[in-house]
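**Q** Contents are mmCIF, C-alpha atoms, pLDDT in the B column; chains and numbers go by the auth columns; file name my_file31.cif:
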data_query
loop_
_atom_site.group_PDB
_atom_site.id
_atom_site.type_symbol
_atom_site.label_atom_id
_atom_site.label_comp_id
_atom_site.label_asym_id
_atom_site.label_seq_id
_atom_site.Cartn_x
_atom_site.Cartn_y
_atom_site.Cartn_z
_atom_site.B_iso_or_equiv
_atom_site.auth_seq_id
_atom_site.auth_asym_id
ATOM 1 C CA MET A 1 3.580 -14.958 -26.127 87.00 118 A
ATOM 2 C CA ALA A 2 -0.115 -14.029 -26.125 92.00 119 A
ATOM 3 C CA THR A 3 -1.320 -12.167 -23.042 94.00 120 A
ATOM 4 C CA ILE A 4 -3.763 -14.919 -22.103 95.00 121 A
ATOM 5 C CA ASP A 5 -0.923 -17.472 -22.114 95.00 122 A
ATOM 6 C CA ILE A 6 1.108 -15.264 -19.758 95.00 123 A
ATOM 7 C CA VAL A 7 -1.916 -14.984 -17.449 96.00 124 A
ATOM 8 C CA LYS A 8 -2.386 -18.775 -17.604 96.00 125 A
ATOM 9 C CA GLU A 9 1.267 -19.323 -16.688 95.00 126 A
ATOM 10 C CA ILE A 10 1.141 -16.964 -13.715 95.00 127 A
ATOM 11 C CA LEU A 11 -2.118 -18.444 -12.423 96.00 128 A
ATOM 12 C CA SER A 12 -0.727 -21.942 -12.781 95.00 129 A
ATOM 13 C CA GLU A 13 2.736 -21.235 -11.279 94.00 130 A
ATOM 14 C CA ASN A 14 1.775 -18.823 -8.500 91.00 131 A
ATOM 15 C CA LEU A 15 -1.772 -19.779 -7.586 92.00 132 A
ATOM 16 C CA ASP A 16 -1.905 -23.435 -8.580 93.00 133 A
ATOM 17 C CA ILE A 17 -4.875 -22.898 -10.900 95.00 134 A
ATOM 18 C CA ASP A 18 -5.281 -25.453 -13.704 94.00 135 A
ATOM 19 C CA ALA A 19 -4.429 -23.658 -16.992 93.00 136 A
ATOM 20 C CA GLU A 20 -7.171 -25.645 -18.760 94.00 137 A
ATOM 21 C CA THR A 21 -9.802 -23.786 -16.729 96.00 138 A
ATOM 22 C CA VAL A 22 -8.415 -20.346 -17.639 96.00 139 A
ATOM 23 C CA THR A 23 -10.575 -19.550 -20.670 96.00 140 A
ATOM 24 C CA PRO A 24 -11.421 -16.044 -21.963 96.00 141 A
ATOM 25 C CA GLU A 25 -14.932 -16.301 -20.492 97.00 142 A
ATOM 26 C CA ALA A 26 -13.775 -17.560 -17.094 97.00 143 A
ATOM 27 C CA THR A 27 -14.491 -15.155 -14.230 97.00 144 A
ATOM 28 C CA PHE A 28 -12.066 -14.452 -11.374 96.00 145 A
ATOM 29 C CA GLU A 29 -14.790 -15.484 -8.961 95.00 146 A
ATOM 30 C CA GLY A 30 -15.360 -18.755 -10.828 96.00 147 A
ATOM 31 C CA LEU A 31 -11.626 -19.509 -10.748 96.00 148 A
ATOM 32 C CA GLY A 32 -11.567 -18.852 -6.994 95.00 149 A
ATOM 33 C CA ILE A 33 -9.298 -15.796 -7.324 95.00 150 A
ATOM 34 C CA ASP A 34 -9.669 -13.561 -4.252 91.00 151 A
ATOM 35 C CA SER A 35 -8.420 -10.004 -3.723 88.00 152 A
ATOM 36 C CA LEU A 36 -4.972 -11.129 -2.510 90.00 153 A
ATOM 37 C CA ASP A 37 -4.580 -13.484 -5.489 93.00 154 A
ATOM 38 C CA MET A 38 -5.467 -10.538 -7.727 93.00 155 A
ATOM 39 C CA VAL A 39 -2.769 -8.395 -6.101 93.00 156 A
ATOM 40 C CA GLU A 40 -0.175 -11.117 -6.737 93.00 157 A
ATOM 41 C CA LEU A 41 -1.382 -11.649 -10.310 94.00 158 A
ATOM 42 C CA ILE A 42 -1.211 -7.926 -11.134 95.00 159 A
ATOM 43 C CA SER A 43 2.342 -7.508 -9.773 94.00 160 A
ATOM 44 C CA GLU A 44 3.566 -10.519 -11.781 94.00 161 A
ATOM 45 C CA ILE A 45 1.792 -9.264 -14.929 95.00 162 A
ATOM 46 C CA GLU A 46 3.634 -5.946 -14.572 94.00 163 A
ATOM 47 C CA ASP A 47 7.003 -7.717 -14.627 92.00 164 A
ATOM 48 C CA ARG A 48 6.230 -10.156 -17.437 93.00 165 A
ATOM 49 C CA CYS A 49 4.320 -7.744 -19.713 93.00 166 A
ATOM 50 C CA GLU A 50 6.406 -4.642 -18.796 92.00 167 A
ATOM 51 C CA VAL A 51 3.351 -2.525 -18.033 94.00 168 A
ATOM 52 C CA GLU A 52 2.232 -0.405 -15.105 93.00 169 A
ATOM 53 C CA PHE A 53 -1.153 -1.588 -13.938 91.00 170 A
ATOM 54 C CA GLY A 54 -3.530 1.205 -12.935 88.00 171 A
ATOM 55 C CA GLU A 55 -6.744 0.800 -10.976 83.00 172 A
ATOM 56 C CA PRO A 56 -9.247 -0.498 -13.519 83.00 173 A
ATOM 57 C CA GLU A 57 -12.858 -0.828 -12.404 83.00 174 A
ATOM 58 C CA GLY A 58 -15.149 -3.723 -13.242 88.00 175 A
ATOM 59 C CA LEU A 59 -12.739 -6.357 -14.533 92.00 176 A
ATOM 60 C CA GLU A 60 -14.547 -9.666 -14.078 95.00 177 A
ATOM 61 C CA THR A 61 -13.294 -12.055 -16.754 96.00 178 A
ATOM 62 C CA ILE A 62 -9.917 -13.214 -18.089 97.00 179 A
ATOM 63 C CA GLU A 63 -10.765 -11.686 -21.483 96.00 180 A
ATOM 64 C CA GLN A 64 -11.465 -8.266 -19.916 96.00 181 A
ATOM 65 C CA LEU A 65 -8.150 -8.495 -18.041 96.00 182 A
ATOM 66 C CA CYS A 66 -6.196 -9.390 -21.215 96.00 183 A
ATOM 67 C CA THR A 67 -7.849 -6.578 -23.205 95.00 184 A
ATOM 68 C CA TYR A 68 -6.946 -4.129 -20.418 95.00 185 A
ATOM 69 C CA ILE A 69 -3.297 -5.341 -20.325 95.00 186 A
ATOM 70 C CA ASP A 70 -2.991 -5.133 -24.123 94.00 187 A
ATOM 71 C CA GLY A 71 -4.277 -1.543 -23.917 93.00 188 A
ATOM 72 C CA LEU A 72 -1.406 -0.674 -21.563 92.00 189 A
ATOM 73 C CA LYS A 73 1.336 -1.888 -23.937 81.00 190 A
ATOM 74 C CA MET B 1 -15.401 18.246 35.999 51.00 255 B
ATOM 75 C CA THR B 2 -17.603 20.097 33.494 55.00 256 B
ATOM 76 C CA ASP B 3 -19.584 18.323 30.799 57.00 257 B
ATOM 77 C CA THR B 4 -17.216 19.703 28.128 62.00 258 B
ATOM 78 C CA ALA B 5 -14.127 18.518 30.012 61.00 259 B
ATOM 79 C CA LEU B 6 -15.662 15.074 30.460 63.00 260 B
ATOM 80 C CA GLY B 7 -16.500 15.000 26.756 84.00 261 B
ATOM 81 C CA ARG B 8 -12.950 15.943 25.837 84.00 262 B
ATOM 82 C CA GLN B 9 -11.470 13.254 28.057 87.00 263 B
ATOM 83 C CA GLU B 10 -13.707 10.768 26.254 89.00 264 B
ATOM 84 C CA VAL B 11 -12.619 12.140 22.880 87.00 265 B
ATOM 85 C CA ASN B 12 -8.986 11.784 23.964 87.00 266 B
ATOM 86 C CA ASP B 13 -9.580 8.171 24.980 90.00 267 B
ATOM 87 C CA LEU B 14 -11.433 7.522 21.714 89.00 268 B
ATOM 88 C CA LEU B 15 -8.568 8.960 19.641 88.00 269 B
ATOM 89 C CA VAL B 16 -5.918 6.922 21.454 90.00 270 B
ATOM 90 C CA GLU B 17 -7.977 3.712 21.482 92.00 271 B
ATOM 91 C CA THR B 18 -8.931 4.083 17.802 88.00 272 B
ATOM 92 C CA PHE B 19 -5.296 4.682 16.837 87.00 273 B
ATOM 93 C CA ASN B 20 -4.169 1.597 18.789 90.00 274 B
ATOM 94 C CA SER B 21 -7.027 -0.523 17.405 89.00 275 B
ATOM 95 C CA ILE B 22 -6.135 0.410 13.819 85.00 276 B
ATOM 96 C CA LEU B 23 -2.498 -0.617 14.421 84.00 277 B
ATOM 97 C CA ARG B 24 -3.549 -3.957 15.967 85.00 278 B
ATOM 98 C CA VAL B 25 -6.053 -4.707 13.175 83.00 279 B
ATOM 99 C CA GLU B 26 -3.470 -3.662 10.559 82.00 280 B
ATOM 100 C CA GLN B 27 -0.805 -5.968 12.030 81.00 281 B
ATOM 101 C CA ASP B 28 -3.330 -8.816 12.121 80.00 282 B
ATOM 102 C CA VAL B 29 -4.713 -8.284 8.608 78.00 283 B
ATOM 103 C CA LEU B 30 -1.247 -7.913 7.121 81.00 284 B
ATOM 104 C CA ASN B 31 -0.360 -11.335 8.478 84.00 285 B
ATOM 105 C CA ASN B 32 -1.049 -12.943 5.073 88.00 286 B
ATOM 106 C CA ARG B 33 1.131 -14.732 2.542 88.00 287 B
ATOM 107 C CA LEU B 34 2.074 -11.543 0.639 91.00 288 B
ATOM 108 C CA THR B 35 3.183 -9.518 3.671 90.00 289 B
ATOM 109 C CA GLU B 36 3.736 -12.007 6.516 87.00 290 B
ATOM 110 C CA SER B 37 7.491 -11.455 6.832 87.00 291 B
ATOM 111 C CA LEU B 38 7.066 -7.673 7.116 92.00 292 B
ATOM 112 C CA THR B 39 6.617 -5.364 10.100 90.00 293 B
ATOM 113 C CA ILE B 40 4.217 -2.414 9.899 88.00 294 B
ATOM 114 C CA ALA B 41 7.249 -0.084 9.783 91.00 295 B
ATOM 115 C CA GLU B 42 8.633 -1.989 6.793 94.00 296 B
ATOM 116 C CA ILE B 43 5.245 -1.825 5.043 93.00 297 B
ATOM 117 C CA HIS B 44 5.280 1.948 5.521 92.00 298 B
ATOM 118 C CA THR B 45 8.823 2.102 4.091 96.00 299 B
ATOM 119 C CA ILE B 46 7.585 0.147 1.052 97.00 300 B
ATOM 120 C CA HIS B 47 4.770 2.668 0.724 95.00 301 B
ATOM 121 C CA ALA B 48 7.237 5.559 0.862 96.00 302 B
ATOM 122 C CA VAL B 49 9.369 4.008 -1.921 97.00 303 B
ATOM 123 C CA GLY B 50 6.301 4.255 -4.184 95.00 304 B
ATOM 124 C CA LEU B 51 4.476 1.742 -6.365 94.00 305 B
ATOM 125 C CA HIS B 52 6.182 2.474 -9.679 93.00 306 B
ATOM 126 C CA ASP B 53 8.812 5.005 -8.639 90.00 307 B
ATOM 127 C CA SER B 54 12.586 4.846 -8.694 93.00 308 B
ATOM 128 C CA SER B 55 13.198 7.154 -5.779 93.00 309 B
ATOM 129 C CA PRO B 56 16.448 8.624 -4.425 95.00 310 B
ATOM 130 C CA MET B 57 17.154 7.506 -0.839 94.00 311 B
ATOM 131 C CA ASN B 58 17.014 11.064 0.529 93.00 312 B
ATOM 132 C CA VAL B 59 13.532 11.553 -0.975 94.00 313 B
ATOM 133 C CA VAL B 60 12.223 8.348 0.650 96.00 314 B
ATOM 134 C CA ALA B 61 13.855 9.359 3.970 95.00 315 B
ATOM 135 C CA ALA B 62 12.103 12.744 3.789 93.00 316 B
ATOM 136 C CA ARG B 63 8.751 11.068 3.034 93.00 317 B
ATOM 137 C CA LEU B 64 9.136 8.961 6.180 94.00 318 B
ATOM 138 C CA GLY B 65 10.673 11.708 8.327 89.00 319 B
ATOM 139 C CA VAL B 66 13.702 9.545 9.190 93.00 320 B
ATOM 140 C CA THR B 67 17.460 9.989 8.759 93.00 321 B
ATOM 141 C CA LEU B 68 19.343 8.512 5.801 93.00 322 B
ATOM 142 C CA ALA B 69 21.147 6.121 8.176 95.00 323 B
ATOM 143 C CA THR B 70 17.858 4.791 9.559 95.00 324 B
ATOM 144 C CA LEU B 71 16.437 4.357 6.065 96.00 325 B
ATOM 145 C CA THR B 72 19.589 2.602 4.838 96.00 326 B
ATOM 146 C CA ALA B 73 19.190 -0.027 7.581 96.00 327 B
ATOM 147 C CA SER B 74 15.492 -0.555 6.685 96.00 328 B
ATOM 148 C CA ILE B 75 16.206 -0.735 2.951 97.00 329 B
ATOM 149 C CA ASN B 76 19.036 -3.256 3.505 97.00 330 B
ATOM 150 C CA LYS B 77 16.545 -5.574 5.212 97.00 331 B
ATOM 151 C CA LEU B 78 13.906 -5.069 2.511 97.00 332 B
ATOM 152 C CA VAL B 79 16.472 -5.773 -0.226 97.00 333 B
ATOM 153 C CA SER B 80 17.541 -8.997 1.509 96.00 334 B
ATOM 154 C CA LYS B 81 13.873 -10.013 1.874 96.00 335 B
ATOM 155 C CA GLY B 82 13.343 -9.400 -1.857 96.00 336 B
ATOM 156 C CA PHE B 83 10.850 -6.523 -1.657 97.00 337 B
ATOM 157 C CA VAL B 84 13.111 -3.668 -2.795 98.00 338 B
ATOM 158 C CA THR B 85 15.873 -3.315 -5.367 97.00 339 B
ATOM 159 C CA ARG B 86 18.647 -0.718 -5.665 95.00 340 B
ATOM 160 C CA SER B 87 19.956 0.863 -8.859 94.00 341 B
ATOM 161 C CA ARG B 88 22.185 3.770 -9.902 92.00 342 B
ATOM 162 C CA SER B 89 20.669 6.898 -11.387 88.00 343 B
ATOM 163 C CA GLN B 90 21.416 7.213 -15.114 87.00 344 B
ATOM 164 C CA ALA B 91 21.649 10.997 -14.726 87.00 345 B
ATOM 165 C CA ASP B 92 23.970 10.902 -11.707 87.00 346 B
ATOM 166 C CA ARG B 93 25.838 7.644 -11.076 86.00 347 B
ATOM 167 C CA ARG B 94 26.571 8.670 -7.458 86.00 348 B
ATOM 168 C CA GLN B 95 22.862 8.672 -6.675 89.00 349 B
ATOM 169 C CA VAL B 96 21.292 5.417 -5.486 91.00 350 B
ATOM 170 C CA LEU B 97 17.663 4.818 -6.421 96.00 351 B
ATOM 171 C CA VAL B 98 15.319 2.355 -4.770 97.00 352 B
ATOM 172 C CA SER B 99 12.277 0.736 -6.314 97.00 353 B
ATOM 173 C CA LEU B 100 9.880 -2.109 -5.543 97.00 354 B
ATOM 174 C CA THR B 101 10.163 -5.646 -6.906 96.00 355 B
ATOM 175 C CA ALA B 102 7.023 -7.639 -7.833 95.00 356 B
ATOM 176 C CA PRO B 103 6.690 -8.932 -4.214 95.00 357 B
ATOM 177 C CA GLY B 104 7.241 -5.333 -3.037 97.00 358 B
ATOM 178 C CA ARG B 105 4.431 -4.086 -5.261 96.00 359 B
ATOM 179 C CA SER B 106 2.206 -6.892 -3.976 95.00 360 B
ATOM 180 C CA ALA B 107 2.927 -5.815 -0.387 95.00 361 B
ATOM 181 C CA TYR B 108 2.201 -2.172 -1.328 95.00 362 B
ATOM 182 C CA ARG B 109 -1.126 -3.121 -2.921 94.00 363 B
ATOM 183 C CA THR B 110 -2.088 -5.398 -0.026 93.00 364 B
ATOM 184 C CA HIS B 111 -1.519 -2.484 2.352 91.00 365 B
ATOM 185 C CA GLU B 112 -3.639 -0.206 0.139 91.00 366 B
ATOM 186 C CA LEU B 113 -6.347 -2.863 0.017 88.00 367 B
ATOM 187 C CA PHE B 114 -6.329 -3.121 3.807 87.00 368 B
ATOM 188 C CA HIS B 115 -6.813 0.634 4.233 87.00 369 B
ATOM 189 C CA LYS B 116 -9.574 0.752 1.615 88.00 370 B
ATOM 190 C CA GLN B 117 -11.445 -2.145 3.206 86.00 371 B
ATOM 191 C CA LEU B 118 -10.867 -0.689 6.672 87.00 372 B
ATOM 192 C CA VAL B 119 -12.312 2.704 5.760 90.00 373 B
ATOM 193 C CA ASP B 120 -15.220 1.155 3.816 91.00 374 B
ATOM 194 C CA ALA B 121 -16.110 -1.116 6.754 89.00 375 B
ATOM 195 C CA ALA B 122 -15.595 1.464 9.492 88.00 376 B
ATOM 196 C CA LEU B 123 -17.657 4.137 7.709 92.00 377 B
ATOM 197 C CA SER B 124 -20.446 1.765 6.710 93.00 378 B
ATOM 198 C CA VAL B 125 -22.108 2.446 10.093 93.00 379 B
ATOM 199 C CA LEU B 126 -22.428 6.159 9.254 95.00 380 B
ATOM 200 C CA SER B 127 -25.127 7.850 7.187 96.00 381 B
ATOM 201 C CA PRO B 128 -23.902 9.943 4.203 94.00 382 B
ATOM 202 C CA GLU B 129 -24.517 13.111 6.281 96.00 383 B
ATOM 203 C CA GLU B 130 -22.582 11.738 9.258 95.00 384 B
ATOM 204 C CA GLU B 131 -19.753 10.657 6.956 95.00 385 B
ATOM 205 C CA ALA B 132 -19.518 14.166 5.476 95.00 386 B
ATOM 206 C CA VAL B 133 -19.372 15.767 8.944 95.00 387 B
ATOM 207 C CA PHE B 134 -16.826 13.169 10.111 93.00 388 B
ATOM 208 C CA ALA B 135 -14.611 13.826 7.070 94.00 389 B
ATOM 209 C CA ARG B 136 -14.739 17.607 7.527 95.00 390 B
ATOM 210 C CA SER B 137 -13.939 17.255 11.226 92.00 391 B
ATOM 211 C CA LEU B 138 -11.024 14.913 10.558 91.00 392 B
ATOM 212 C CA VAL B 139 -9.547 17.382 8.064 93.00 393 B
ATOM 213 C CA LYS B 140 -9.507 20.038 10.780 92.00 394 B
ATOM 214 C CA VAL B 141 -8.023 17.746 13.426 89.00 395 B
ATOM 215 C CA LYS B 142 -5.387 16.529 10.933 89.00 396 B
ATOM 216 C CA GLU B 143 -4.399 20.137 10.179 92.00 397 B
ATOM 217 C CA PHE B 144 -3.725 20.622 13.898 89.00 398 B
ATOM 218 C CA PHE B 145 -1.509 17.522 14.082 86.00 399 B
ATOM 219 C CA GLU B 146 0.390 18.527 10.937 86.00 400 B
ATOM 220 C CA GLU B 147 1.069 21.930 12.494 88.00 401 B
ATOM 221 C CA GLN B 148 2.368 20.221 15.647 85.00 402 B
ATOM 222 C CA GLU B 149 4.591 17.993 13.508 79.00 403 B
ATOM 223 C CA LYS B 150 6.057 21.020 11.678 80.00 404 B
ATOM 224 C CA ARG B 151 6.887 22.670 15.010 82.00 405 B
ATOM 225 C CA LEU B 152 8.531 19.463 16.195 78.00 406 B
ATOM 226 C CA VAL B 153 10.741 19.269 13.090 71.00 407 B
ATOM 227 C CA THR B 154 11.699 22.961 13.438 75.00 408 B
ATOM 228 C CA SER B 155 12.616 22.611 17.114 75.00 409 B
ATOM 229 C CA GLU B 156 14.661 19.459 16.363 70.00 410 B
ATOM 230 C CA ARG B 157 16.616 21.405 13.704 68.00 411 B
ATOM 231 C CA ILE B 158 17.270 24.267 16.138 74.00 412 B
ATOM 232 C CA ALA B 159 18.439 21.773 18.805 71.00 413 B
ATOM 233 C CA LYS B 160 21.013 20.369 16.324 64.00 414 B
#
So, in terms of structure tokens, how does the structure I just supplied come out?
**A**
Amino acid sequence: MATIDIVKEILSENLDIDAETVTPEATFEGLGIDSLDMVELISEIEDRCEVEFGEPEGLETIEQLCTYIDGLK
Amino acid sequence: MTDTALGRQEVNDLLVETFNSILRVEQDVLNNRLTESLTIAEIHTIHAVGLHDSSPMNVVAARLGVTLATLTASINKLVSKGFVTRSRSQADRRQVLVSLTAPGRSAYRTHELFHKQLVDAALSVLSPEEEAVFARSLVKVKEFFEEQEKRLVTSERIAK
């Protein structure tokens, strides 16, 4: 499964965010994702993508997040 | 009372009040959906387990300065709440390792976030020069408390 689809699934299942709105250009702010949502998203990503998330700076969009995750694999 | 003694009494009050305020704010802030079922002590146990570690029980107990029996009781609760998982060491099957689940890592990160936001907010009232002096002073005061803690551990061992 593509990383963006995993992110869409987590956002939809855990945070009730409509998958249709999760596009590569979408920003976390625009999707209404706050710091706690981000914490939950990261921990779920670690399990589903089998990566250890570090402390990346300046991630603002879904595309930037997916590129970062793919770099960890 | 001399001016210095009065000043020190005030510093004592400030230290105690600040410590208590931090604990109250921490308990309040950690009352969110990712950590609401946890006590501060349990959050600190989660922190001692480590974000991505598989740690032996005795190592976690040493990090917290508690006995293995005390830690076992805490870990049992955290396992039943779904924040921690146990496994056997591949190198030594007798050794039990503990690690965080996804909710456990979320709780760990929420706690980290709280401390980062707390320090950022609390220090925002200081100028860069004041912050530097405050940091240097805290390092010295912390060294004193660490020394006291070492003496406490040594005297407890002798008493046993």
**Q** Between B:Leu332, B:Ile276, B:Leu284, B:Ile294, which residue has the minimum interatomic distance to Leu367 in chain B, considering all atoms listed in the file?
**A**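 Looking only at the distances to Leu367 in chain B, the closest residue turns out to be B:Leu284.
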**Q** Counting all atoms listed in the file, which residues from chain A have an atom at most 9 Å from any atom of chain B, and could you show them as a list in words?
**A**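 Listed by rising number, the hits are Ser152, Leu153, Val156, Glu157, Leu158, Ile159, Ser160, Glu161, Ile162, Glu163, Asp164 and Glu169 of chain A.
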**Q** I'd like the contact shell of range 385-402 of chain B - 12 Å cut-off, all atoms listed in the file, skipping same-chain residues fewer than 6 positions apart - returned as a compact mmCIF listing (two decimals) with C-alpha atoms, in the coordinates of the input.
**A**
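What landed in part00.txt:
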# COMPACT_ATOMS: atom_id res chain seq x y z
CA VAL B 265 -12.62 12.14 22.88
CA LEU B 269 -8.57 8.96 19.64
CA VAL B 373 -12.31 2.70 5.76
CA ASP B 374 -15.22 1.16 3.82
CA ALA B 376 -15.60 1.46 9.49
CA LEU B 377 -17.66 4.14 7.71
CA SER B 378 -20.45 1.76 6.71
CA VAL B 379 -22.11 2.45 10.09
CA THR B 408 11.70 22.96 13.44
CA SER B 409 12.62 22.61 17.11
**Q** Please provide the set of residues having any atom within 12 Å of Glu174 in chain A, restricted to all atoms listed in the file, with same-chain residues fewer than 6 positions apart removed, written as a count of residues only.
**A** 3
**Q** Given the choices B:Val352, B:Gly319, B:Asp282, B:Thr289, which gets closest to Val407 in chain B if the distance is worked out from all atoms listed in the file?
**A**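 Closest candidate: B:Gly319.
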**Q** As an exercise, work out the distance from CA of Val338 in chain B to CA of Glu280 in chain B in Å and give it to one decimal place.
**A**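 Calculated distance between CA of Val338 in chain B and CA of Glu280 in chain B is 21.3 Å.
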**Q** Selected by the PyMOL selection byres ((chain B and resi 304) around 9) in the shown coordinates: which residues, as a list in words?
**A**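 When the PyMOL selection byres ((chain B and resi 304) around 9) is applied to the shown file, the picked residues are Thr299, Ile300, His301, Ala302, Val303, Leu305, His306, Asp307, Ser308, Ser309, Val314, Ser353, Leu354, Arg359 and Tyr362 of chain B.
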**Q** With C-alpha atoms retained, export the selected residues as a compact mmCIF listing (two decimals), keeping the file's coordinate frame.
**A**
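What ended up in part-v4.txt:
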# COMPACT_ATOMS: atom_id res chain seq x y z
CA THR B 299 8.82 2.10 4.09
CA ILE B 300 7.58 0.15 1.05
CA HIS B 301 4.77 2.67 0.72
CA ALA B 302 7.24 5.56 0.86
CA VAL B 303 9.37 4.01 -1.92
CA LEU B 305 4.48 1.74 -6.36
CA HIS B 306 6.18 2.47 -9.68
CA ASP B 307 8.81 5.00 -8.64
CA SER B 308 12.59 4.85 -8.69
CA SER B 309 13.20 7.15 -5.78
CA VAL B 314 12.22 8.35 0.65
CA SER B 353 12.28 0.74 -6.31
CA LEU B 354 9.88 -2.11 -5.54
CA ARG B 359 4.43 -4.09 -5.26
CA TYR B 362 2.20 -2.17 -1.33
**Q** How many Å lie between CA of Met311 in chain B and CA of Leu351 in chain B, rounded to one decimal?
**A**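 Interatomic distance, CA of Met311 in chain B to CA of Leu351 in chain B: 6.2 Å.
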